[in-house]
file final_30.txt (compact mmCIF, C-alpha atoms)
# COMPACT_ATOMS: atom_id res chain seq x y z
CA ILE Y 13 10.01 17.04 -11.07
CA TYR Y 14 7.33 18.23 -8.63
CA THR Y 15 5.43 20.98 -10.44
CA LEU Y 16 2.16 22.82 -10.00
CA SER Y 17 1.54 25.63 -12.47
CA LEU Y 18 -1.39 27.93 -11.80
CA HIS Y 19 -1.33 29.06 -15.44
CA ASP Y 20 -2.14 25.52 -16.58
CA VAL Y 21 -5.44 25.52 -14.65
CA LEU Y 22 -8.70 26.26 -16.50
CA PRO Y 23 -11.15 28.00 -14.13
CA ILE Y 24 -14.72 26.62 -14.13
CA SER Y 25 -17.62 29.00 -13.55
CA LEU Y 26 -19.88 28.11 -10.63
CA LEU Y 27 -22.71 30.25 -12.03
CA ALA Y 28 -22.71 28.21 -15.23
CA THR Y 29 -23.60 25.06 -13.28
CA ILE Y 30 -26.48 26.29 -11.07
CA PRO Y 31 -30.00 27.58 -11.90
CA GLN Y 32 -30.31 31.36 -12.15
CA GLU Y 33 -32.26 33.22 -9.42
CA SER Y 34 -32.73 30.02 -7.44
CA GLU Y 35 -32.82 29.18 -3.74
CA LEU Y 36 -29.39 27.60 -4.23
CA GLN Y 37 -27.98 31.00 -5.13
CA GLU Y 38 -29.23 32.39 -1.83
CA HIS Y 39 -27.54 29.54 0.03
CA LEU Y 40 -24.28 30.26 -1.80
CA LYS Y 41 -24.53 33.92 -0.85
CA ALA Y 42 -25.01 32.94 2.79
CA LEU Y 43 -21.91 30.74 2.57
CA GLY Y 44 -19.90 33.60 1.09
CA LEU Y 45 -19.35 31.93 -2.29
CA LEU Y 46 -21.43 34.61 -4.06
CA ASP Y 47 -21.38 38.30 -3.18
CA ALA Y 48 -24.49 40.46 -2.68
CA GLU Y 49 -24.77 41.05 -6.45
CA GLY Y 50 -24.57 37.31 -7.19
CA ARG Y 51 -20.98 37.35 -8.49
CA GLU Y 52 -18.60 34.50 -7.76
CA VAL Y 53 -16.17 35.35 -4.99
CA LEU Y 54 -13.78 32.60 -6.14
CA ASP Y 55 -14.07 33.33 -9.86
CA GLY Y 56 -10.78 32.57 -11.61
CA CYS Y 57 -9.29 30.93 -8.52
CA VAL Y 58 -7.67 27.62 -7.80
CA VAL Y 59 -9.63 26.52 -4.72
CA PHE Y 60 -8.24 24.54 -1.77
CA PRO Y 61 -10.76 23.25 0.81
CA TRP Y 62 -9.94 22.01 4.28
CA PHE Y 63 -11.98 19.94 6.70
CA ASN Y 64 -12.49 19.55 10.43
CA GLU Y 65 -12.29 16.33 12.45
CA GLN Y 66 -15.94 15.53 11.66
CA GLY Y 67 -15.23 15.63 7.92
CA ASP Y 68 -17.15 18.91 7.38
CA CYS Y 69 -15.67 21.58 5.12
CA ALA Y 70 -14.31 24.28 7.45
CA GLY Y 71 -13.17 26.76 4.84
CA LEU Y 72 -12.11 27.48 1.27
CA TYR Y 73 -8.89 29.16 0.22
CA GLY Y 74 -8.75 30.63 -3.27
CA LEU Y 75 -5.65 31.67 -5.19
CA ARG Y 76 -6.49 33.82 -8.20
CA VAL Y 77 -4.72 32.47 -11.28
CA GLU Y 78 -4.01 35.76 -13.04
CA THR Y 79 -2.91 37.92 -10.10
CA GLY Y 80 -2.00 35.54 -7.27
CA GLU Y 81 -4.52 37.32 -5.01
CA VAL Y 82 -5.61 35.32 -1.96
CA VAL Y 83 -9.35 34.87 -1.31
CA LEU Y 84 -10.44 33.24 1.96
CA VAL Y 85 -14.02 32.00 2.31
CA SER Y 86 -14.73 30.78 5.84
CA GLY Y 87 -15.47 33.72 8.07
CA PRO Y 88 -13.32 33.28 11.20
CA VAL Y 89 -10.57 30.76 10.49
CA SER Y 90 -11.56 27.35 11.82
CA GLY Y 91 -10.40 23.78 11.36
CA VAL Y 92 -6.88 22.74 10.39
CA TRP Y 93 -5.77 21.83 6.89
CA ASN Y 94 -4.38 18.25 6.88
CA TRP Y 95 -4.93 17.87 10.62
CA GLN Y 96 -4.51 14.09 10.13
CA ALA Y 97 -0.75 14.74 9.97
CA LEU Y 98 -0.81 15.05 13.76
CA LYS Y 99 -1.88 11.40 14.01
CA ARG Y 100 1.26 10.20 12.19
CA GLY Y 101 3.72 11.23 14.90
CA ARG Y 102 4.77 13.96 17.31
CA ALA Y 103 6.56 16.17 14.79
CA VAL Y 104 5.20 18.30 11.93
CA ILE Y 105 6.37 20.77 9.30
CA LEU Y 106 4.60 24.16 9.39
CA THR Y 107 4.24 26.31 6.25
CA ALA Y 108 2.65 29.72 5.73
CA SER Y 109 1.89 28.92 2.07
CA ILE Y 110 -0.68 26.40 0.86
CA LEU Y 111 1.44 25.79 -2.26
CA ASP Y 112 4.52 25.03 -0.15
CA ALA Y 113 2.41 22.59 1.89
CA LEU Y 114 1.18 20.88 -1.29
CA PHE Y 115 4.67 20.65 -2.77
CA LEU Y 116 6.00 19.11 0.46
CA SER Y 117 3.13 16.63 0.58
CA GLN Y 118 3.72 15.70 -3.07
CA ALA Y 119 7.40 15.15 -2.28
CA GLY Y 120 6.42 12.55 0.32
CA PHE Y 121 6.35 14.65 3.50
CA LYS Y 122 2.94 13.80 4.95
CA GLU Y 123 3.54 15.48 8.35
CA VAL Y 124 2.89 18.97 6.97
CA LEU Y 125 0.42 21.60 8.21
CA TRP Y 126 -0.53 24.91 6.64
CA THR Y 127 -1.04 27.62 9.24
CA GLN Y 128 -3.90 29.20 7.18
CA ASP Y 129 -3.20 32.64 8.68
CA ASP Y 130 -0.10 34.85 8.51
CA GLU Y 131 -0.92 36.21 11.97
CA GLY Y 132 -0.18 32.95 13.76
CA LEU Y 133 -1.63 29.62 14.80
CA SER Y 134 -5.37 29.34 15.39
CA GLN Y 135 -7.00 28.02 18.53
CA ASP Y 136 -7.85 24.86 16.57
CA HIS Y 137 -4.14 24.36 15.82
CA LEU Y 138 -3.24 24.74 19.48
CA ARG Y 139 -6.08 22.49 20.63
CA LEU Y 140 -5.02 19.71 18.26
CA PHE Y 141 -1.36 20.13 19.24
CA GLN Y 142 -2.38 19.45 22.83
CA LEU Y 143 -4.71 16.59 21.90
CA HIS Y 144 -2.04 14.75 19.91
CA ALA Y 145 0.86 15.69 22.23
CA LEU Y 146 2.92 17.43 19.55
CA LYS Y 147 6.60 17.65 20.54
CA GLU Y 148 8.42 19.18 17.54
CA ALA Y 149 7.51 21.72 14.84
CA TYR Y 150 9.73 22.57 11.87
CA VAL Y 151 8.83 26.16 10.95
CA THR Y 152 9.60 27.04 7.32
CA PHE Y 153 8.75 30.77 7.56
CA SER Y 154 9.72 33.70 9.73
CA SER Y 155 7.23 34.44 12.52
CA PRO Y 156 8.35 35.35 16.05
CA TYR Y 157 4.70 35.13 17.14
CA VAL Y 158 4.35 31.51 15.96
CA LEU Y 159 7.62 30.63 17.70
CA ALA Y 160 6.30 32.22 20.90
CA GLN Y 161 3.03 30.27 20.60
CA LEU Y 162 4.92 27.00 20.18
CA LYS Y 163 7.14 27.76 23.17
CA GLU Y 164 4.08 28.45 25.32
CA GLU Y 165 2.66 25.06 24.26
CA GLU Y 166 6.01 23.42 25.16
CA VAL Y 167 6.56 22.40 21.53
CA THR Y 168 10.20 22.54 20.43
CA ALA Y 169 10.43 24.76 17.35
CA TYR Y 170 13.13 24.31 14.70
CA PRO Y 171 13.39 27.12 12.12
CA VAL Y 172 14.03 25.57 8.69
CA LYS Y 173 15.38 27.38 5.64
CA LEU Y 174 13.94 25.65 2.59
CA PRO Y 175 15.28 26.28 -0.91
CA PRO Y 176 12.83 27.59 -3.52
CA LEU Y 177 10.31 24.84 -4.20
CA PRO Y 178 9.94 22.47 -5.95
CA VAL Y 179 13.15 20.54 -5.30
CA GLU Y 180 14.05 16.88 -4.89
CA PRO Y 181 12.83 15.44 -1.57
CA GLN Y 182 16.41 14.58 -0.58
CA VAL Y 183 17.18 18.32 -0.53
CA ILE Y 184 14.24 18.94 1.81
CA GLU Y 185 15.40 16.11 4.08
CA TRP Y 186 18.85 17.74 4.18
CA ALA Y 187 17.28 21.10 5.19
CA LEU Y 188 15.33 19.42 8.01
CA LYS Y 189 18.48 17.69 9.26
CA GLN Y 190 20.33 20.99 9.25
CA ALA Y 191 17.74 22.21 11.74
CA ASN Y 192 17.77 19.00 13.79
CA ASN Y 193 19.98 16.08 12.87
CA GLN Y 194 17.69 13.75 14.84
CA THR Y 195 14.48 14.76 13.07
CA PRO Y 196 12.00 11.88 12.74
CA ILE Y 197 10.41 13.38 9.60
CA ARG Y 198 11.36 11.74 6.32
CA SER Y 199 10.00 11.64 2.80
CA GLU Y 200 7.96 8.56 1.91
CA GLU Y 201 9.27 8.95 -1.66
CA VAL Y 202 12.88 8.75 -0.48
CA LYS Y 203 12.20 5.76 1.77
CA LYS Y 204 10.66 3.87 -1.16
CA ARG Y 205 13.94 4.13 -3.06
CA GLU Y 206 16.10 2.85 -0.22
CA PRO Y 207 17.03 -0.82 0.02
CA SER Y 208 16.09 -2.83 3.10
CA GLY Y 209 15.78 -6.38 4.35
CA LEU Y 210 18.97 -7.78 2.79
CA GLU Y 211 19.00 -11.56 3.19
CA LYS Y 212 21.81 -13.79 1.94
CA SER Y 213 21.44 -17.40 0.84
CA ASP Y 214 23.74 -20.16 -0.43
CA THR Y 215 23.06 -19.17 -4.04
CA GLY Y 216 22.60 -15.38 -3.82
CA PHE Y 217 20.58 -12.85 -1.88
CA SER Y 218 17.26 -10.98 -1.75
CA ILE Y 219 16.61 -7.29 -1.07
CA GLN Y 220 13.60 -5.00 -0.67
CA TYR Y 221 13.02 -1.71 -2.56
CA GLY Y 222 9.76 -0.08 -1.55
CA ASP Y 223 6.90 -2.57 -2.02
CA ARG Y 224 8.91 -4.83 -4.32
CA ARG Y 225 11.36 -7.56 -3.29
CA TYR Y 226 14.11 -8.81 -5.60
CA GLU Y 227 15.65 -12.28 -5.44
CA ILE Y 228 19.06 -12.71 -7.09
CA LYS Y 229 20.40 -16.24 -7.60
CA GLY Y 230 23.72 -17.26 -9.11
CA VAL Y 231 23.49 -19.66 -12.08
CA GLU Y 232 27.04 -19.83 -13.40
CA LYS Y 233 30.33 -18.34 -12.28
CA SER Y 234 33.72 -18.45 -13.96
CA LYS Y 235 36.81 -16.26 -14.25
CA THR Y 236 35.31 -14.32 -17.17
CA LYS Y 237 31.56 -14.21 -16.56
CA LEU Y 238 28.81 -14.39 -13.99
CA ARG Y 239 25.25 -15.45 -14.81
CA VAL Y 240 22.40 -14.78 -12.38
CA THR Y 241 18.61 -14.82 -12.35
CA VAL Y 242 16.63 -11.87 -10.99
CA LYS Y 243 13.06 -12.32 -9.75
CA ALA Y 244 10.86 -9.40 -8.72
CA CYS Y 245 8.06 -10.12 -6.25
CA ALA Y 246 5.31 -7.61 -5.48
call {"tool": "encode", "arguments": {"input": "final_30.txt", "output": "structure tokens"}}
result
Amino acid sequence: IYTLSLHDVLPISLLATIPQESELQEHLKALGLLDAEGREVLDGCVVFPWFNEQGDCAGLYGLRVETGEVVLVSGPVSGVWNWQALKRGRAVILTASILDALFLSQAGFKEVLWTQDDEGLSQDHLRLFQLHALKEAYVTFSSPYVLAQLKEEEVTAYPVKLPPLPVEPQVIEWALKQANNQTPIRSEEVKKREPSGLEKSDTGFSIQYGDRRYEIKGVEKSKTKLRVTVKACA
């Protein structure tokens, strides 16, 4: 049910929205969005930006719709995509694919970071790991170098074998628990579906599902039927 099809995306031309031979074009060339001949570097791409802690765009990652080619516009890799995940707790999921990271986030796993580089974790990653006292990382790809980096930072690494995405979030939770049965990472989507706060009364009970609470009261009971009222409260 969690889908993201690149073939359903209609690319929009940047050159069609800016004045020709303008100062803006020169700025875009300096940023790396246009090449020396004025052609769009990210033409035909789905574009994923990421931001630093000050809210400034630190880079753009393009995935070309027709070929799947990766285009990175940032110069040296800086910033961390979804760095706010480190503020949620002391455990994160690491992916080498931006699409995997987006699928996991859509499935309710907010503690997910994209490494942004197949060669390993950047200095910004390591700095933020130290700043937020990261303790656990669930690594969904094969990289001895990343595992060595995490060990040096005294972060416990758990290799995770995910099934081909997208899948139901319960399946991803199962994969995380296979790596570490005590993992603190859970899907917000799964937690919304789970009941909580059961309270009994003389006439029935109430129970919480996500943001909604249900009150069930008995009205009539006999050997052949049971009548109740159900009230949903936001």
call {"tool": "atom_distance", "arguments": {"input": "final_30.txt", "atom1": "atom CA of Y:Val104", "atom2": "atom CA of Y:Arg198"}}
result
10.6 Å
call {"tool": "residues_around", "arguments": {"input": "final_30.txt", "residues": "stretch 90-98 of chain Y", "least_positions_apart": "3", "cutoff": "12 Å", "atoms": "all atoms listed in the file", "output": "PyMOL selection string"}}
result
chain Y and resi 60-73+84-87+101-110+113-114+117+121-129+133-149+197
call {"tool": "atom_distance", "arguments": {"input": "final_30.txt", "atom1": "atom CA of Y:Ile184", "atom2": "atom CA of Y:Arg205"}}
result
15.6 Å
call {"tool": "atom_distance", "arguments": {"input": "final_30.txt", "atom1": "atom CA of Y:Gln194", "atom2": "atom CA of Y:Leu174"}}
result
17.5 Å
call {"tool": "closest_residue", "arguments": {"input": "final_30.txt", "among": "Y:Arg100, Y:Lys163, Y:Arg76, Y:Lys204", "to": "Y:Ala119", "atoms": "all atoms listed in the file"}}
result
Y:Lys204
call {"tool": "closest_residue", "arguments": {"input": "final_30.txt", "among": "Y:Leu188, Y:Leu40, Y:Val183, Y:Val158", "to": "Y:Val202", "atoms": "only C-alpha atoms"}}
result
Y:Val183
call {"tool": "residues_around", "arguments": {"input": "final_30.txt", "residues": "Y:Ser25", "least_positions_apart": "6", "cutoff": "10 Å", "atoms": "only C-alpha atoms", "output": "list of chain:residue names"}}
result
Y:Glu52, Y:Leu54, Y:Asp55, Y:Gly56, Y:Cys57
call {"tool": "residues_near_point", "arguments": {"input": "final_30.txt", "point": "(-20.3, 35.1, -5.4)", "cutoff": "9 Å", "atoms": "all atoms listed in the file", "output": "list in words"}}
result
Leu26, Leu27, Gln37, Leu40, Lys41, Gly44, Leu45, Leu46, Asp47, Ala48, Glu49, Gly50, Arg51, Glu52, Val53, Leu54 and Asp55 of chain Y
call {"tool": "write_last_selection", "arguments": {"input": "final_30.txt", "atoms": "C-alpha atoms", "output": "compact mmCIF listing (two decimals), in the frame of the given file"}}
result
# COMPACT_ATOMS: atom_id res chain seq x y z
CA LEU Y 26 -19.88 28.11 -10.63
CA LEU Y 27 -22.71 30.25 -12.03
CA GLN Y 37 -27.98 31.00 -5.13
CA LEU Y 40 -24.28 30.26 -1.80
CA LYS Y 41 -24.53 33.92 -0.85
CA GLY Y 44 -19.90 33.60 1.09
CA LEU Y 45 -19.35 31.93 -2.29
CA LEU Y 46 -21.43 34.61 -4.06
CA ASP Y 47 -21.38 38.30 -3.18
CA ALA Y 48 -24.49 40.46 -2.68
CA GLU Y 49 -24.77 41.05 -6.45
CA GLY Y 50 -24.57 37.31 -7.19
CA ARG Y 51 -20.98 37.35 -8.49
CA GLU Y 52 -18.60 34.50 -7.76
CA VAL Y 53 -16.17 35.35 -4.99
CA LEU Y 54 -13.78 32.60 -6.14
CA ASP Y 55 -14.07 33.33 -9.86
